[in-house]
Amino acid sequence: MARLAILYEHPEWFRPLFDALARAGIPFEQWRADSLAFGLDETDLPDLVFNRMSASATWRGHAHAQFAVRELLAVLEARRVAVVNGAPAYELEISKVRQMELFRRAGARVPRTGVANCPKQLMQAARGLAFPVMVKPNCGGAGAGVRRFDSPAQLEAAAGEAEFGCDNVALVQEHIPSRDGACYRIEILDGQVLYCLKVQRDGAGYNLCPADACASASKPVFTRCEPLPEAETIALNAARLGRIDLCGVEYIIDHRTGEPVFYDLNVLSNFVANAREVVGFDPHERLVEYLGRRLHALGRAL
């Protein structure tokens, strides 16, 4: 069988994936992105690399991994190594600005957004936006660094406290009001919808990570639902245009218009905990089936 490597950083998130691969009898190498070295003359490379690097690595003290992974993926692409969620997908994972542009290309409505690279420019980035606004790091993840400001005066007074993340870029976005405070997450694998979740916060904070290894002050509650048909079409378009094999796409329904408004793309795409109870099946099994098909096709081509 062709060789598989898993490129990842979080020490706990991928235990269910590793267990599912072991049950399927698929051997794999573990590449830790937070302790990485590679040679540009290396020729003994895996046939398939599964990129599971997260934009939230910075907030776990692993900012040094963010851009090393970008370079590694570029090298793998140049060597024609097959990568699941390769270089184009990773560029979207670490840039909310690029996510907003991708959503626009996919036909989505997105929050009105300004961009700044230092605190003194936040007010300029917010010019013309309706308050309240959300300020969030461009390279974020798991709700890290996201703050709400209800007025220009509040933003101006606290601009120096805003988080700009590892690339020193922040977004200022209009807050989208929803009827019940819920958002929706469409999970996509290989151009098809795996499931859709309705997500409701039960506490403070913006960490809506669905994985069982995540502890969140927002205490999100996940229930399976059907996505709006137009939202499903846009999510699938975004995955196709972004060359993304696996992702979670999130939107809010604006209660003023009933329209879906897309605001986040999670290329790392953690599956929901207790998936059999929540969505009725284990998505890791389908993911492993997908990886097995990719490995089989590569093995035949060798």
# chains A, B, ... in the order shown; residues from 1 in each chain; ligands from 1
>>> select_by_dssp(residues="range 31-269 of chain A", states="helix (DSSP H, G or I)", output="NGL selection string")
:A and (55-60 or 63-78 or 87-93 or 96-105 or 119-125 or 152-161 or 229-241)
>>> residues_around(residues="Val135 in chain A", least_positions_apart="6", cutoff="6 Å", atoms="only C-alpha atoms", output="short mmCIF file (atom, residue, chain, number, x, y, z; two decimals) with N, CA, C and O atoms, in the first residue's frame")
data_model
loop_
_atom_site.label_atom_id
_atom_site.label_comp_id
_atom_site.auth_asym_id
_atom_site.auth_seq_id
_atom_site.Cartn_x
_atom_site.Cartn_y
_atom_site.Cartn_z
N VAL A 146 -11.09 36.72 19.66
CA VAL A 146 -12.27 37.40 19.12
C VAL A 146 -12.91 38.26 20.21
O VAL A 146 -13.14 37.79 21.33
N ARG A 147 -13.19 39.53 19.88
CA ARG A 147 -13.84 40.43 20.84
C ARG A 147 -14.94 41.22 20.15
O ARG A 147 -14.84 41.55 18.97
N LEU A 171 -9.19 41.57 11.55
CA LEU A 171 -10.41 41.95 10.83
C LEU A 171 -11.36 42.66 11.78
O LEU A 171 -11.44 42.32 12.97
N VAL A 172 -12.07 43.64 11.24
CA VAL A 172 -13.18 44.27 11.94
C VAL A 172 -14.43 43.96 11.12
O VAL A 172 -14.51 44.35 9.95
#
>>> select_by_dssp(residues="range 186-268 of chain A", states="strand (DSSP E)", output="PyMOL selection string")
chain A and resi 186-189+192-200+221-225+246-253+260-266
>>> residues_around(residues="range 240-247 of chain A", least_positions_apart="2", cutoff="9 Å", atoms="only C-alpha atoms", output="PyMOL selection string")
chain A and resi 84-86+88-90+92+99+102+105-106+186-191+235-238+249+265-270+287
>>> residues_around(residues="His284 in chain A", least_positions_apart="2", cutoff="7 Å", atoms="only C-alpha atoms", output="PyMOL selection string")
chain A and resi 17+20+282+286-288
>>> write_last_selection(atoms="N, CA, C and O atoms", output="PDB file, in the first residue's frame")
ATOM      1  N   LEU A  17      -9.019   9.794  14.915  1.00  0.00           N
ATOM      2  CA  LEU A  17      -8.576   9.474  13.556  1.00  0.00           C
ATOM      3  C   LEU A  17      -7.526   8.378  13.586  1.00  0.00           C
ATOM      4  O   LEU A  17      -7.600   7.408  12.805  1.00  0.00           O
ATOM      5  N   ALA A  20      -9.159   5.102  14.262  1.00  0.00           N
ATOM      6  CA  ALA A  20      -9.916   4.604  13.106  1.00  0.00           C
ATOM      7  C   ALA A  20      -8.974   4.050  12.036  1.00  0.00           C
ATOM      8  O   ALA A  20      -9.279   3.031  11.398  1.00  0.00           O
ATOM      9  N   ASP A 282     -20.235   7.663  12.632  1.00  0.00           N
ATOM     10  CA  ASP A 282     -18.899   8.129  12.973  1.00  0.00           C
ATOM     11  C   ASP A 282     -18.230   8.675  11.713  1.00  0.00           C
ATOM     12  O   ASP A 282     -17.854   7.909  10.827  1.00  0.00           O
ATOM     13  N   ARG A 286     -15.819   7.376   7.728  1.00  0.00           N
ATOM     14  CA  ARG A 286     -15.937   7.814   6.327  1.00  0.00           C
ATOM     15  C   ARG A 286     -14.662   8.514   5.868  1.00  0.00           C
ATOM     16  O   ARG A 286     -14.257   8.387   4.706  1.00  0.00           O
ATOM     17  N   LEU A 287     -14.031   9.245   6.784  1.00  0.00           N
ATOM     18  CA  LEU A 287     -12.768   9.886   6.441  1.00  0.00           C
ATOM     19  C   LEU A 287     -11.698   8.847   6.149  1.00  0.00           C
ATOM     20  O   LEU A 287     -10.939   8.978   5.172  1.00  0.00           O
ATOM     21  N   VAL A 288     -11.632   7.796   6.951  1.00  0.00           N
ATOM     22  CA  VAL A 288     -10.648   6.740   6.725  1.00  0.00           C
ATOM     23  C   VAL A 288     -10.948   5.998   5.423  1.00  0.00           C
ATOM     24  O   VAL A 288     -10.023   5.629   4.678  1.00  0.00           O
TER      25      VAL A 288
END
>>> decode(residues="range 67-96 of chain A", atoms="N, CA and C atoms", output="compact mmCIF listing (two decimals), in the first residue's frame")
# COMPACT_ATOMS: atom_id res chain seq x y z
N PHE A 67 4.01 28.91 9.79
CA PHE A 67 4.56 29.24 8.48
C PHE A 67 5.57 28.20 8.01
N ALA A 68 6.13 27.41 8.94
CA ALA A 68 6.95 26.27 8.52
C ALA A 68 6.11 25.26 7.75
N VAL A 69 4.86 25.07 8.19
CA VAL A 69 3.96 24.16 7.46
C VAL A 69 3.67 24.70 6.07
N ARG A 70 3.49 26.01 5.96
CA ARG A 70 3.27 26.60 4.63
C ARG A 70 4.42 26.23 3.70
N GLU A 71 5.66 26.34 4.18
CA GLU A 71 6.82 26.05 3.34
C GLU A 71 6.89 24.56 3.02
N LEU A 72 6.59 23.70 4.01
CA LEU A 72 6.63 22.27 3.77
C LEU A 72 5.60 21.87 2.71
N LEU A 73 4.40 22.42 2.79
CA LEU A 73 3.37 22.07 1.81
C LEU A 73 3.78 22.52 0.41
N ALA A 74 4.43 23.68 0.32
CA ALA A 74 4.91 24.13 -0.99
C ALA A 74 5.95 23.17 -1.56
N VAL A 75 6.83 22.66 -0.69
CA VAL A 75 7.85 21.70 -1.14
C VAL A 75 7.18 20.40 -1.59
N LEU A 76 6.21 19.91 -0.79
CA LEU A 76 5.52 18.68 -1.17
C LEU A 76 4.80 18.84 -2.51
N GLU A 77 4.18 20.00 -2.70
CA GLU A 77 3.49 20.24 -3.97
C GLU A 77 4.48 20.25 -5.12
N ALA A 78 5.65 20.87 -4.92
CA ALA A 78 6.67 20.91 -5.97
C ALA A 78 7.19 19.51 -6.29
N ARG A 79 7.22 18.64 -5.27
CA ARG A 79 7.68 17.26 -5.48
C ARG A 79 6.56 16.34 -5.96
N ARG A 80 5.39 16.91 -6.18
CA ARG A 80 4.21 16.19 -6.66
C ARG A 80 3.76 15.09 -5.69
N VAL A 81 3.93 15.36 -4.41
CA VAL A 81 3.37 14.48 -3.39
C VAL A 81 1.89 14.82 -3.22
N ALA A 82 1.03 13.83 -3.21
CA ALA A 82 -0.40 14.08 -3.02
C ALA A 82 -0.64 14.53 -1.59
N VAL A 83 -1.43 15.59 -1.43
CA VAL A 83 -1.72 16.13 -0.10
C VAL A 83 -3.22 16.34 0.02
N VAL A 84 -3.80 15.84 1.10
CA VAL A 84 -5.19 16.15 1.44
C VAL A 84 -5.19 17.48 2.17
N ASN A 85 -5.96 18.43 1.67
CA ASN A 85 -5.94 19.81 2.17
C ASN A 85 -4.52 20.39 2.05
N GLY A 86 -4.10 20.50 0.81
CA GLY A 86 -2.75 20.93 0.51
C GLY A 86 -2.54 22.42 0.61
N ALA A 87 -1.53 22.91 -0.11
CA ALA A 87 -1.10 24.30 0.01
C ALA A 87 -2.23 25.32 -0.22
N PRO A 88 -3.05 25.18 -1.28
CA PRO A 88 -4.12 26.18 -1.47
C PRO A 88 -5.12 26.19 -0.31
N ALA A 89 -5.46 25.00 0.20
CA ALA A 89 -6.40 24.92 1.32
C ALA A 89 -5.80 25.53 2.58
N TYR A 90 -4.51 25.29 2.81
CA TYR A 90 -3.88 25.82 4.02
C TYR A 90 -3.79 27.34 3.99
N GLU A 91 -3.59 27.92 2.82
CA GLU A 91 -3.57 29.38 2.72
C GLU A 91 -4.91 29.96 3.19
N LEU A 92 -5.98 29.23 2.98
CA LEU A 92 -7.30 29.67 3.45
C LEU A 92 -7.45 29.42 4.95
N GLU A 93 -6.90 28.33 5.44
CA GLU A 93 -6.98 28.03 6.87
C GLU A 93 -6.38 29.14 7.72
N ILE A 94 -5.28 29.74 7.26
CA ILE A 94 -4.56 30.72 8.08
C ILE A 94 -4.87 32.17 7.69
N SER A 95 -5.93 32.39 6.91
CA SER A 95 -6.27 33.75 6.52
C SER A 95 -7.77 33.94 6.41
N LYS A 96 -8.35 34.65 7.37
CA LYS A 96 -9.78 34.94 7.30
C LYS A 96 -10.07 35.94 6.18
